[in-house]
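Everything below concerns the one structure shown next.
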Amino acid sequence: MPILTEPLHLHSKHTQLSLFEDEQGQIRVAYFGTRLHDESDAMSMGCDQAPLLYSTYADSFSTPRNASGEYDLCIIQADGQISLALVHEHYEKHSLDKDRHEHIFTLKDPAYPVKIEIHLCVYEQSDTFEQWVSIHNESNTGIQLLRASSGHLYAKANHYFITGFRGTWGGESLMCETELALGHEIDFCSDTGTKAAQEGTPGIIIALNEPASETKGEVILGSLAWSGNYRLWCKHNQHHYLYAGVGLDITPAPYQLDAHSQFETPKMIWVYSDAGKGEASRRLHRWARQYGIRHGQKERYVLLNSWEGVYFNFNEETLYRMMERTAEMGIELFVLDDGWFGNKFPRNHDKAGLGDWEINHTKLPDGIRGLTEKAKALGIRFGIWLEPEMVNPESCLYQSHPDWAIQLNHREPKRERHQLVLDLSNPAVRGYIINVFRDLLTSNPDIDYIKWDCNRKISDPGSTYLDASHQGNLAIDYVRGYEEILRVITAEFPHVTIQACSAGGGRIDYGTLKHYHEFWTSDNTDAVERVYMQWGVSHFFPAIAMAAHVTASPNHQTGRSTPLKFRFDVAMSGRLGFELQPCDMNDDEVNYAKQALSEYKRIRPIIQFGDLYRLSNPWKNRVAAHMFVHGKRAILFAYLMDKWLADWPPKLKLQGLNPQARYRLTELNVDDSGFRTESHQRIVGGDYLMNSGLLIHWRRPLQSLCLELEETD
């Protein structure tokens with residue numbers, strides 16, 4: 001007798017997932033899509049073709065009618081057999097609150113002592129679903145995991161268009177859409193061990209039948225909440241089924257799961273929309289601000305980071321002057337970046353000092369407390385940079401504990417950026433790092449902000465702590481250790497804001513953001529290139545988490561010169577910050593910055609909490625444009641990326657407004673080049689702005705527009 005005697009219909013506000021148990025005791029998906037008026041219609045046709053909710057290696061051969069040859073889980077049992085068959089034994093539901101409902105399906109192998117729990121959490125209001133799996137080894141001997149995915153997405157259509165977000169240092173989250181041909185497959189993966197998202201955001205967009213549109217069509221947006229190696233793969237089989245697997249990547253070595261222990265996969269997050277990818281993003285953003293990002297409903301401060309302003313070359317007086325100008329401009333937080341630590345091996349460059357988290361008394365004779373007291377006197381907050389997972393061989397820490405670094409026996413460790421990676425699978429290493437934070441934050445209680453950096457990958461995947469049978473566990477146990485450190489620190493210091501930085505955007509993922517408040521989008525601060533990167537990032541992550549800084553011109557990475565207004569307008573569409581030497585700004589620049597900052601603080605809630613509408617794609621058009629709508633107010637950002645002399649872009653049609661309302665339009669951040677529109681302080685109907693559009697007078701490349709819209713009474 002099946003455990004589920006009736007179909008199970010899981011509902012969010014606009015989406016329905018219908019499951020049933022077949023005669024063999026396996027859970028299958030009958031329907032996933034728009035919520036039906038009659039939920040039972042999901043079972044009316046085609047259930048004999050229904051895919052498994054979660055599949056094993058054996059299942060890929062046992063269901064030829066829709067087999068793709070793909071699977072979620074593969075285990076080597078204690079007897080050496082690659083064998084697993086799962087039968088459903090128990091179902092339970094937990095209503096966590098009015099919005100969240102968790103469903104747990106317990107399946108067991110009748111021949112081997114292995115139990116699997118499939119967890120499905122439905123978020124009603126944001127139309128978001130989470131899936132993850134717990135694998136329990138109930139035997140007295142160890143087993144090995146060859147694959148342990150979080151789950152998969154299944155679809156049936158004539159055409160599939162897959163959008164990936166690949167990248168590298170200085171060019172993160174660059175999107176590309178590809179039609180997946182019949183019989184072909186595509187992989188998106190990362191194997192860096194640490195800064196995994198730099199090779200590509202761990203997420204995909206699947207568009208059914210036609211390319212992904214912002215405003216129409218069926219799309220599924222999937223993201224993996226994991227900070228380590230991952231694999232997202234899609235296969236379009238000969239029967240027109242699409243299998244999209246999502247999970248951490250165990251390769252190249254099996255994961256040893258010890259006797260009477262369990263393994264929990266990361267969470268797979270997915271959203272369905274029949275109104276295009278714009279609506280899918282908005283749903284995910286709403287979920288993220290409430291559940292996926294730490295303190296996602298609390299406004300973020302405007303900060304100035306010292307890095308591009310002074311790099312390693314500073315002393316106490318230099319920092320004091322920077323902080324005074326920071327406060328004068330209206331910036332709320334000063335962050336001291338790299339170079340403040342190390343005495344025997346002073347951190348005057350990137351070749352020494354990592355791991356020795358002691359104040360450099362030559363640079364800072366009054367210590368961190370002198371800086372926090374200065375900040376307090378100026379009425380601003382203070383933050384500091386750390387790279388706790390790394391060590392320079394030229395450090396006291398490495399001289400005392402060379403075995404704490406990840407390394408291979410009989411091999412000279414490879415250095416990258418003159419540093420090595422500490423082994424976070426080792427409890428002693430985790431304890432050391434936790435104590436570094438405790439000492440720093442306890443002795444300096446006025447530190448409000450930590451920039452946590454991680455600047456290199458794992459290249460010598462060996463652990464002096466793990467035994468021979470567990471060496472293959474290192475990449476995963478490293479991430480588990482990293483997460484443990486974060487859990488301890490955030491519990492003990494809940495008031496401290498933490499930014500995830502990993503050579504730029506190496507940790508743009510929801511595994512990280514459950515512990516962090518924001519991420520550093522890229523070390524490339526060129527405003528032109530940031531338009532493209534921030535456009536890609538916005539598909540998965542809301543503006544409140546996206547750190548974007550106004551930097552010097554010419555830009556330090558690309559040498560490109562851009563107008564101050566353009567740099568402001570680009571940075572204001574994320575969490576606004578600065579990364580320059582404010583003392584080098586002239587009076588006109590300071591006055592402009594003061595006014596722009598004042599405006600940003602006023603409109604900050606719209607950007608950080610509003611719904612995002614992407615209007616004009618920079619990858620396809622010379623104008624990039626998007627807007628945020630929050631209640632009766634909206635903010636439009638538009639950027640002219642390039643222009644030919646005879647080229648006059650058409651009107652820009654807006655979205656998300658109330659068609660019945662009338663809006664007062666106000667241009668912000670106007671510079672000496674004048675207004676971009678003829679609509680400043682005019683009142684216009686929402687229906688007109690969405691149907692006819694806004695005429696913008698573009699005159700030359702790298703002009704930009706920041707426009708406030710507010711409903712009138």
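The way I read the labels, and the way they are meant: chains A, B, ... in the order of the structure tokens, residue 1 as the first residue of every chain, and ligand 1 as the first ligand shown, with later ones counted on from there.
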Which residues of stretch 524-580 of chain A come within 12 Å of stretch 660-671 of chain A, and for each one, what is the closest pair of atoms and their distance in Å to one decimal, counting only C-alpha atoms, sorted by chain and residue number, as a Markdown table?
| residue | atom | partner | partner_atom | distance |
| --- | --- | --- | --- | --- |
| A:Pro563 | CA | A:Asp671 | CA | 9.4 |
| A:Leu564 | CA | A:Asp671 | CA | 8.7 |
| A:Lys565 | CA | A:Asn669 | CA | 6.5 |
| A:Phe566 | CA | A:Asn669 | CA | 9.3 |
| A:Arg567 | CA | A:Asn669 | CA | 10.7 |
| A:Phe568 | CA | A:Asn669 | CA | 8.0 |
| A:Asp569 | CA | A:Asn669 | CA | 7.7 |
| A:Val570 | CA | A:Asn669 | CA | 11.5 |
| A:Met572 | CA | A:Asn669 | CA | 10.4 |
Can you write out the residues you just picked, keeping all heavy atoms, as a tab-separated table (two decimals), in the first residue's frame?
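Final file, result.tsv:
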chain	number	residue	atom	x	y	z
A	563	PRO	N	32.46	59.94	-16.70
A	563	PRO	CA	31.94	61.07	-15.94
A	563	PRO	C	31.55	60.66	-14.51
A	563	PRO	O	31.13	59.52	-14.28
A	563	PRO	CB	30.71	61.52	-16.74
A	563	PRO	CG	30.90	60.94	-18.10
A	563	PRO	CD	31.65	59.67	-17.91
A	564	LEU	N	31.69	61.59	-13.58
A	564	LEU	CA	31.32	61.31	-12.19
A	564	LEU	C	29.86	60.94	-12.08
A	564	LEU	O	29.49	60.05	-11.31
A	564	LEU	CB	31.66	62.52	-11.32
A	564	LEU	CG	31.42	62.35	-9.81
A	564	LEU	CD1	32.21	61.19	-9.24
A	564	LEU	CD2	31.77	63.65	-9.07
A	565	LYS	N	29.01	61.60	-12.84
A	565	LYS	CA	27.58	61.27	-12.80
A	565	LYS	C	27.34	59.82	-13.23
A	565	LYS	O	26.57	59.10	-12.58
A	565	LYS	CB	26.78	62.20	-13.71
A	565	LYS	CG	25.31	61.78	-13.87
A	565	LYS	CD	24.52	62.74	-14.74
A	565	LYS	CE	23.15	62.16	-15.07
A	565	LYS	NZ	22.36	61.78	-13.89
A	566	PHE	N	28.00	59.39	-14.29
A	566	PHE	CA	27.84	58.01	-14.76
A	566	PHE	C	28.27	57.03	-13.67
A	566	PHE	O	27.58	56.04	-13.39
A	566	PHE	CB	28.67	57.79	-16.03
A	566	PHE	CG	28.42	56.49	-16.72
A	566	PHE	CD1	27.45	56.37	-17.70
A	566	PHE	CD2	29.16	55.35	-16.39
A	566	PHE	CE1	27.22	55.16	-18.35
A	566	PHE	CE2	28.95	54.15	-17.02
A	566	PHE	CZ	27.97	54.05	-18.01
A	567	ARG	N	29.41	57.31	-13.03
A	567	ARG	CA	29.89	56.43	-11.97
A	567	ARG	C	28.91	56.40	-10.79
A	567	ARG	O	28.66	55.34	-10.21
A	567	ARG	CB	31.27	56.89	-11.49
A	567	ARG	CG	32.41	56.52	-12.45
A	567	ARG	CD	33.72	57.11	-12.00
A	567	ARG	NE	33.91	58.47	-12.47
A	567	ARG	CZ	34.57	59.42	-11.82
A	567	ARG	NH1	35.10	59.15	-10.63
A	567	ARG	NH2	34.70	60.62	-12.32
A	568	PHE	N	28.35	57.54	-10.45
A	568	PHE	CA	27.36	57.58	-9.38
A	568	PHE	C	26.11	56.80	-9.75
A	568	PHE	O	25.59	56.00	-8.96
A	568	PHE	CB	26.99	59.03	-9.05
A	568	PHE	CG	27.58	59.51	-7.76
A	568	PHE	CD1	28.72	60.28	-7.76
A	568	PHE	CD2	26.99	59.20	-6.55
A	568	PHE	CE1	29.28	60.73	-6.57
A	568	PHE	CE2	27.53	59.64	-5.36
A	568	PHE	CZ	28.68	60.40	-5.36
A	569	ASP	N	25.58	57.03	-10.94
A	569	ASP	CA	24.32	56.39	-11.33
A	569	ASP	C	24.46	54.88	-11.39
A	569	ASP	O	23.52	54.15	-11.06
A	569	ASP	CB	23.85	56.95	-12.68
A	569	ASP	CG	23.36	58.39	-12.58
A	569	ASP	OD1	23.17	58.87	-11.45
A	569	ASP	OD2	23.18	59.02	-13.64
A	570	VAL	N	25.63	54.38	-11.82
A	570	VAL	CA	25.85	52.93	-11.84
A	570	VAL	C	25.92	52.38	-10.42
A	570	VAL	O	25.30	51.37	-10.09
A	570	VAL	CB	27.13	52.59	-12.62
A	570	VAL	CG1	27.47	51.10	-12.48
A	570	VAL	CG2	26.97	52.94	-14.09
A	572	MET	N	24.76	53.69	-7.63
A	572	MET	CA	23.54	53.89	-6.86
A	572	MET	C	22.50	52.80	-7.12
A	572	MET	O	21.57	52.62	-6.33
A	572	MET	CB	22.94	55.26	-7.17
A	572	MET	CG	23.66	56.39	-6.45
A	572	MET	SD	23.07	58.04	-6.89
A	572	MET	CE	21.39	58.01	-6.29
Secondary structure check, alpha helix (DSSP H) residues of stretch 195-304 of chain A, as a list in words: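 Here is the list: Gly276, Lys277, Gly278, Glu279, Ala280, Ser281, Arg282, Arg283, Leu284, His285, Arg286 and Trp287 of chain A.
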Quick one: contact table of stretch 513-547 of chain A to stretch 213-231 of chain A, 12 Å max, nearest atom pair and distance in Å to one decimal per residue, counting only C-alpha atoms, chain and number order, as JSON lines?
{"residue": "A:Leu513", "atom": "CA", "partner": "A:Ala225", "partner_atom": "CA", "distance": 8.5}
{"residue": "A:Lys514", "atom": "CA", "partner": "A:Ala225", "partner_atom": "CA", "distance": 8.8}
{"residue": "A:His515", "atom": "CA", "partner": "A:Ser227", "partner_atom": "CA", "distance": 11.4}
{"residue": "A:Val537", "atom": "CA", "partner": "A:Ser223", "partner_atom": "CA", "distance": 11.9}
{"residue": "A:His539", "atom": "CA", "partner": "A:Leu221", "partner_atom": "CA", "distance": 8.7}
{"residue": "A:Phe540", "atom": "CA", "partner": "A:Ser223", "partner_atom": "CA", "distance": 7.7}
{"residue": "A:Phe541", "atom": "CA", "partner": "A:Ser223", "partner_atom": "CA", "distance": 10.3}
Please list as an mmCIF file with N, CA and C atoms, in the first residue's frame every residue within 10 Å of A:His236, counting only C-alpha atoms and excluding residues in the same chain fewer than 6 positions away.
data_model
loop_
_atom_site.group_PDB
_atom_site.id
_atom_site.type_symbol
_atom_site.label_atom_id
_atom_site.label_comp_id
_atom_site.auth_asym_id
_atom_site.auth_seq_id
_atom_site.Cartn_x
_atom_site.Cartn_y
_atom_site.Cartn_z
ATOM 1 N N SER A 68 16.829 9.882 -19.403
ATOM 2 C CA SER A 68 17.818 10.799 -19.972
ATOM 3 C C SER A 68 19.223 10.278 -19.729
ATOM 4 N N ALA A 155 11.521 19.044 -17.559
ATOM 5 C CA ALA A 155 10.577 19.786 -18.400
ATOM 6 C C ALA A 155 10.370 19.039 -19.703
ATOM 7 N N LYS A 156 9.273 19.368 -20.382
ATOM 8 C CA LYS A 156 8.979 18.799 -21.709
ATOM 9 C C LYS A 156 8.492 19.941 -22.599
ATOM 10 N N ALA A 157 9.283 20.244 -23.629
ATOM 11 C CA ALA A 157 8.952 21.323 -24.547
ATOM 12 C C ALA A 157 9.590 21.017 -25.893
ATOM 13 N N HIS A 159 11.562 23.301 -27.510
ATOM 14 C CA HIS A 159 12.877 23.944 -27.517
ATOM 15 C C HIS A 159 13.228 24.358 -26.093
ATOM 16 N N TYR A 160 14.533 24.364 -25.808
ATOM 17 C CA TYR A 160 15.021 24.799 -24.504
ATOM 18 C C TYR A 160 16.145 25.811 -24.720
ATOM 19 N N LEU A 180 19.635 24.653 -26.436
ATOM 20 C CA LEU A 180 20.180 23.320 -26.223
ATOM 21 C C LEU A 180 19.558 22.373 -27.238
ATOM 22 N N ALA A 181 20.356 21.932 -28.178
ATOM 23 C CA ALA A 181 19.855 21.114 -29.280
ATOM 24 C C ALA A 181 19.468 19.716 -28.812
ATOM 25 N N LEU A 182 18.593 19.085 -29.556
ATOM 26 C CA LEU A 182 18.142 17.729 -29.266
ATOM 27 C C LEU A 182 19.338 16.786 -29.191
ATOM 28 N N GLY A 183 19.412 16.023 -28.095
ATOM 29 C CA GLY A 183 20.489 15.069 -27.914
ATOM 30 C C GLY A 183 21.768 15.654 -27.345
ATOM 31 N N HIS A 184 21.769 16.949 -27.035
ATOM 32 C CA HIS A 184 22.982 17.595 -26.539
ATOM 33 C C HIS A 184 22.850 17.905 -25.047
ATOM 34 N N GLU A 185 23.981 18.220 -24.447
ATOM 35 C CA GLU A 185 23.991 18.600 -23.045
ATOM 36 C C GLU A 185 24.985 19.734 -22.836
ATOM 37 N N ILE A 186 24.842 20.424 -21.713
ATOM 38 C CA ILE A 186 25.702 21.546 -21.384
ATOM 39 C C ILE A 186 25.962 21.530 -19.887
ATOM 40 N N LEU A 242 13.871 17.539 -20.924
ATOM 41 C CA LEU A 242 15.040 18.230 -20.407
ATOM 42 C C LEU A 242 15.272 17.804 -18.975
ATOM 43 N N TYR A 243 16.491 17.387 -18.691
ATOM 44 C CA TYR A 243 16.920 17.105 -17.323
ATOM 45 C C TYR A 243 17.945 18.160 -16.959
ATOM 46 N N ALA A 244 17.701 18.892 -15.866
ATOM 47 C CA ALA A 244 18.643 19.901 -15.388
ATOM 48 C C ALA A 244 19.036 19.551 -13.960
#
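Residue neighbourhood of A:Thr15, excluding near-sequence residues (fewer than 5 positions): A:Gly33, A:Thr34, A:Arg35, at 6 Å, using only C-alpha atoms.
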Given only C-alpha atoms as the counted atoms, nearest of A:Asn409, A:Gln24, A:Thr490, A:Asn313 to A:Arg438: A:Thr490
Best match for closeness to A:Phe493 among A:Val302, A:Tyr510, A:His470, A:Ile447, counting only C-alpha atoms: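 Checking each of A:Val302, A:Tyr510, A:His470, A:Ile447 against A:Phe493, counting only C-alpha atoms, the winner is A:Ile447.
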So that I can see what lies close to A:Glu6, please list as a compact mmCIF listing (two decimals) with all heavy atoms, in the first residue's frame the residues with an atom at most 9 Å from it, counting only C-alpha atoms and leaving out residues fewer than 3 positions away in the same chain.
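Final output, selection.txt:
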# COMPACT_ATOMS: atom_id res chain seq x y z
N ILE A 3 2.34 4.92 0.73
CA ILE A 3 2.24 5.82 1.88
C ILE A 3 1.36 7.01 1.53
O ILE A 3 0.53 7.45 2.32
CB ILE A 3 3.64 6.29 2.31
CG1 ILE A 3 4.55 5.09 2.59
CG2 ILE A 3 3.56 7.20 3.52
CD1 ILE A 3 4.04 4.17 3.67
N PHE A 20 2.93 12.47 -6.69
CA PHE A 20 2.19 11.26 -6.33
C PHE A 20 3.18 10.11 -6.15
O PHE A 20 4.33 10.18 -6.59
CB PHE A 20 1.15 10.91 -7.39
CG PHE A 20 1.72 10.44 -8.71
CD1 PHE A 20 1.84 9.08 -8.99
CD2 PHE A 20 2.14 11.36 -9.68
CE1 PHE A 20 2.37 8.65 -10.20
CE2 PHE A 20 2.66 10.93 -10.89
CZ PHE A 20 2.77 9.58 -11.14
N GLU A 21 2.72 9.08 -5.48
CA GLU A 21 3.53 7.88 -5.27
C GLU A 21 3.06 6.80 -6.23
O GLU A 21 1.85 6.49 -6.30
CB GLU A 21 3.41 7.42 -3.83
CG GLU A 21 4.28 6.20 -3.51
CD GLU A 21 4.17 5.77 -2.05
OE1 GLU A 21 3.79 6.62 -1.20
OE2 GLU A 21 4.45 4.59 -1.76
Residues near A:Ser306, cut-off 9 Å, only C-alpha atoms, skip fewer than 3 positions along chain, as a list in words: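 Contacts, with the query itself left out: Gly309, Val310, Tyr311, Leu319, Met322, Phe334, Val335, Leu336, Asp337, Asp338, Phe578, Glu579, Leu580 and Gln581 of chain A.
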Write to file, as an mmCIF file, in the first residue's frame, the residues of the selection just made, with all heavy atoms.
data_model
loop_
_atom_site.group_PDB
_atom_site.id
_atom_site.type_symbol
_atom_site.label_atom_id
_atom_site.label_comp_id
_atom_site.auth_asym_id
_atom_site.auth_seq_id
_atom_site.Cartn_x
_atom_site.Cartn_y
_atom_site.Cartn_z
ATOM 1 N N GLY A 309 42.020 53.822 -2.658
ATOM 2 C CA GLY A 309 42.486 55.142 -2.272
ATOM 3 C C GLY A 309 43.936 55.171 -1.855
ATOM 4 O O GLY A 309 44.701 56.079 -2.230
ATOM 5 N N VAL A 310 44.372 54.152 -1.073
ATOM 6 C CA VAL A 310 45.751 54.164 -0.551
ATOM 7 C C VAL A 310 46.449 52.816 -0.674
ATOM 8 O O VAL A 310 47.658 52.728 -0.430
ATOM 9 C CB VAL A 310 45.759 54.607 0.932
ATOM 10 C CG1 VAL A 310 45.346 56.067 1.054
ATOM 11 C CG2 VAL A 310 44.849 53.730 1.798
ATOM 12 N N TYR A 311 45.721 51.743 -1.013
ATOM 13 C CA TYR A 311 46.287 50.393 -1.057
ATOM 14 C C TYR A 311 47.003 50.098 0.267
ATOM 15 O O TYR A 311 46.426 50.304 1.332
ATOM 16 C CB TYR A 311 47.180 50.209 -2.286
ATOM 17 C CG TYR A 311 46.405 50.294 -3.583
ATOM 18 C CD1 TYR A 311 46.421 51.446 -4.369
ATOM 19 C CD2 TYR A 311 45.609 49.239 -4.001
ATOM 20 C CE1 TYR A 311 45.684 51.523 -5.544
ATOM 21 C CE2 TYR A 311 44.866 49.302 -5.182
ATOM 22 C CZ TYR A 311 44.899 50.447 -5.946
ATOM 23 O OH TYR A 311 44.158 50.517 -7.087
ATOM 24 N N LEU A 319 44.850 57.889 7.351
ATOM 25 C CA LEU A 319 43.509 57.363 7.574
ATOM 26 C C LEU A 319 42.617 58.384 8.270
ATOM 27 O O LEU A 319 41.428 58.498 7.955
ATOM 28 C CB LEU A 319 43.578 56.068 8.378
ATOM 29 C CG LEU A 319 44.335 54.909 7.724
ATOM 30 C CD1 LEU A 319 44.319 53.694 8.639
ATOM 31 C CD2 LEU A 319 43.762 54.557 6.363
ATOM 32 N N MET A 322 41.381 60.744 5.665
ATOM 33 C CA MET A 322 40.359 60.097 4.837
ATOM 34 C C MET A 322 39.024 60.039 5.582
ATOM 35 O O MET A 322 37.961 60.286 5.008
ATOM 36 C CB MET A 322 40.802 58.682 4.455
ATOM 37 C CG MET A 322 41.962 58.609 3.487
ATOM 38 S SD MET A 322 42.393 56.884 3.054
ATOM 39 C CE MET A 322 41.056 56.483 1.923
ATOM 40 N N PHE A 334 33.332 53.980 7.357
ATOM 41 C CA PHE A 334 34.679 53.916 6.794
ATOM 42 C C PHE A 334 35.228 52.513 7.016
ATOM 43 O O PHE A 334 35.219 52.004 8.142
ATOM 44 C CB PHE A 334 35.603 54.940 7.464
ATOM 45 C CG PHE A 334 37.025 54.887 6.967
ATOM 46 C CD1 PHE A 334 37.388 55.569 5.813
ATOM 47 C CD2 PHE A 334 37.996 54.152 7.636
ATOM 48 C CE1 PHE A 334 38.702 55.526 5.341
ATOM 49 C CE2 PHE A 334 39.301 54.098 7.181
ATOM 50 C CZ PHE A 334 39.660 54.782 6.024
ATOM 51 N N VAL A 335 35.739 51.893 5.944
ATOM 52 C CA VAL A 335 36.272 50.532 6.020
ATOM 53 C C VAL A 335 37.762 50.554 5.698
ATOM 54 O O VAL A 335 38.171 50.972 4.607
ATOM 55 C CB VAL A 335 35.534 49.586 5.056
ATOM 56 C CG1 VAL A 335 36.119 48.176 5.141
ATOM 57 C CG2 VAL A 335 34.042 49.558 5.360
ATOM 58 N N LEU A 336 38.564 50.119 6.651
ATOM 59 C CA LEU A 336 40.008 49.976 6.441
ATOM 60 C C LEU A 336 40.282 48.631 5.799
ATOM 61 O O LEU A 336 40.000 47.584 6.373
ATOM 62 C CB LEU A 336 40.749 50.094 7.776
ATOM 63 C CG LEU A 336 42.255 49.824 7.747
ATOM 64 C CD1 LEU A 336 42.965 50.772 6.784
ATOM 65 C CD2 LEU A 336 42.841 49.925 9.144
ATOM 66 N N ASP A 337 40.845 48.657 4.616
ATOM 67 C CA ASP A 337 41.113 47.427 3.864
ATOM 68 C C ASP A 337 42.473 46.847 4.259
ATOM 69 O O ASP A 337 42.997 47.114 5.351
ATOM 70 C CB ASP A 337 41.013 47.705 2.365
ATOM 71 C CG ASP A 337 40.565 46.493 1.562
ATOM 72 O OD1 ASP A 337 41.393 45.586 1.338
ATOM 73 O OD2 ASP A 337 39.388 46.438 1.162
ATOM 74 N N ASP A 338 43.059 46.065 3.405
ATOM 75 C CA ASP A 338 44.279 45.301 3.654
ATOM 76 C C ASP A 338 45.436 46.205 4.083
ATOM 77 O O ASP A 338 45.514 47.364 3.692
ATOM 78 C CB ASP A 338 44.641 44.558 2.365
ATOM 79 C CG ASP A 338 45.605 43.412 2.581
ATOM 80 O OD1 ASP A 338 46.094 43.242 3.708
ATOM 81 O OD2 ASP A 338 45.868 42.683 1.598
ATOM 82 N N PHE A 578 31.994 53.931 -1.889
ATOM 83 C CA PHE A 578 33.092 54.635 -2.529
ATOM 84 C C PHE A 578 34.362 53.827 -2.328
ATOM 85 O O PHE A 578 34.547 53.170 -1.305
ATOM 86 C CB PHE A 578 33.293 56.019 -1.907
ATOM 87 C CG PHE A 578 32.198 56.995 -2.198
ATOM 88 C CD1 PHE A 578 30.984 56.924 -1.525
ATOM 89 C CD2 PHE A 578 32.368 57.991 -3.149
ATOM 90 C CE1 PHE A 578 29.977 57.816 -1.785
ATOM 91 C CE2 PHE A 578 31.356 58.892 -3.423
ATOM 92 C CZ PHE A 578 30.163 58.812 -2.737
ATOM 93 N N GLU A 579 35.263 53.917 -3.307
ATOM 94 C CA GLU A 579 36.570 53.274 -3.184
ATOM 95 C C GLU A 579 37.578 54.154 -3.905
ATOM 96 O O GLU A 579 37.874 53.947 -5.079
ATOM 97 C CB GLU A 579 36.536 51.864 -3.761
ATOM 98 C CG GLU A 579 37.757 51.070 -3.394
ATOM 99 C CD GLU A 579 37.506 49.570 -3.364
ATOM 100 O OE1 GLU A 579 36.343 49.158 -3.217
ATOM 101 O OE2 GLU A 579 38.478 48.823 -3.483
ATOM 102 N N LEU A 580 38.047 55.180 -3.205
ATOM 103 C CA LEU A 580 38.965 56.158 -3.761
ATOM 104 C C LEU A 580 39.581 56.946 -2.603
ATOM 105 O O LEU A 580 39.250 56.715 -1.439
ATOM 106 C CB LEU A 580 38.254 57.096 -4.746
ATOM 107 C CG LEU A 580 36.854 57.632 -4.403
ATOM 108 C CD1 LEU A 580 36.861 58.615 -3.253
ATOM 109 C CD2 LEU A 580 36.224 58.287 -5.621
ATOM 110 N N GLN A 581 40.468 57.843 -2.941
ATOM 111 C CA GLN A 581 41.040 58.735 -1.938
ATOM 112 C C GLN A 581 40.194 60.011 -1.924
ATOM 113 O O GLN A 581 40.308 60.849 -2.829
ATOM 114 C CB GLN A 581 42.502 59.034 -2.274
ATOM 115 C CG GLN A 581 43.188 60.111 -1.445
ATOM 116 C CD GLN A 581 43.085 59.944 0.055
ATOM 117 O OE1 GLN A 581 42.041 60.247 0.626
ATOM 118 N NE2 GLN A 581 44.175 59.487 0.678
#
Two-atom distance - atom CA of A:Thr265, atom CA of A:Leu107 (Å): 15.8 Å
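If you measure from each of A:Tyr112, A:Tyr465, A:Tyr532, A:Trp452 to A:Met390 using only C-alpha atoms, the closest one turns out to be A:Trp452.
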Nearest-residue call for A:Trp648, choices A:Trp270, A:Tyr31, A:Tyr301, A:Trp698, using only C-alpha atoms: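 Of A:Trp270, A:Tyr31, A:Tyr301, A:Trp698, the one nearest A:Trp648, counting only C-alpha atoms, is A:Trp698.
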Shell of 6 Å around stretch 187-199 of chain A, only C-alpha atoms, local chain residues under 3 positions omitted, as a PDB file with C-alpha atoms, in the first residue's frame:
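Saved to around26.pdb:
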ATOM      1  CA  ARG A 166      30.023  32.543 -16.424  1.00  0.00           C
ATOM      2  CA  GLY A 167      32.970  34.629 -15.351  1.00  0.00           C
ATOM      3  CA  THR A 168      36.505  35.155 -14.191  1.00  0.00           C
ATOM      4  CA  GLU A 172      31.941  38.084 -13.131  1.00  0.00           C
ATOM      5  CA  GLY A 228      32.127  25.344  -2.964  1.00  0.00           C
ATOM      6  CA  ASN A 229      32.550  23.261  -6.091  1.00  0.00           C
ATOM      7  CA  TYR A 230      29.306  22.813  -7.982  1.00  0.00           C
ATOM      8  CA  ARG A 231      27.888  21.374 -11.169  1.00  0.00           C
ATOM      9  CA  LEU A 232      24.754  22.434 -13.026  1.00  0.00           C
ATOM     10  CA  TRP A 233      24.096  20.343 -16.098  1.00  0.00           C
ATOM     11  CA  LYS A 457      41.602  28.675  -4.947  1.00  0.00           C
ATOM     12  CA  ILE A 458      42.570  25.253  -3.603  1.00  0.00           C
ATOM     13  CA  ALA A 475      36.701  20.214  -0.755  1.00  0.00           C
ATOM     14  CA  SER A 502      36.480  36.577  -2.769  1.00  0.00           C
ATOM     15  CA  GLY A 505      32.731  38.106  -6.899  1.00  0.00           C
ATOM     16  CA  GLY A 506      33.923  34.616  -5.979  1.00  0.00           C
ATOM     17  CA  ARG A 507      31.211  34.134  -3.373  1.00  0.00           C
ATOM     18  CA  ILE A 508      28.073  35.445  -5.015  1.00  0.00           C
TER      19      ILE A 508
END
Strand (DSSP E or B) call set, DSSP backbone run, stretch 432-576 of chain A, as a list of chain:residue names: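 Written out, the strand (DSSP E or B) residues of stretch 432-576 of chain A are A:Ile447, A:Asp448, A:Tyr449, A:Ile450, A:Lys451, A:Trp452, A:Thr497, A:Ile498, A:Gln499, A:Ala500, A:Ser502, A:Gly505, A:Glu518, A:Phe519, A:Trp520, A:Met546, A:Ala547, A:Ala548, A:His549, A:Val550, A:Thr551, A:Arg575, A:Leu576.
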One-decimal distance in Å that lies between atom CA of A:Leu52 and atom CA of A:Thr201: 26.7 Å
Point-to-point distance in Å for atom CA of A:Asp249 and atom CA of A:Ile143: 17.3 Å
Minimum-distance residue to A:Leu440, chosen among A:His240, A:Arg369, A:Arg622, A:Arg283 (using only C-alpha atoms):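 Using only C-alpha atoms, A:Leu440 sits closest to A:Arg369.
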Selected residue, from A:Glu124, A:Asp448, A:Glu324, A:Glu387, that lies nearest to A:Trp340 when counting only C-alpha atoms: A:Glu387
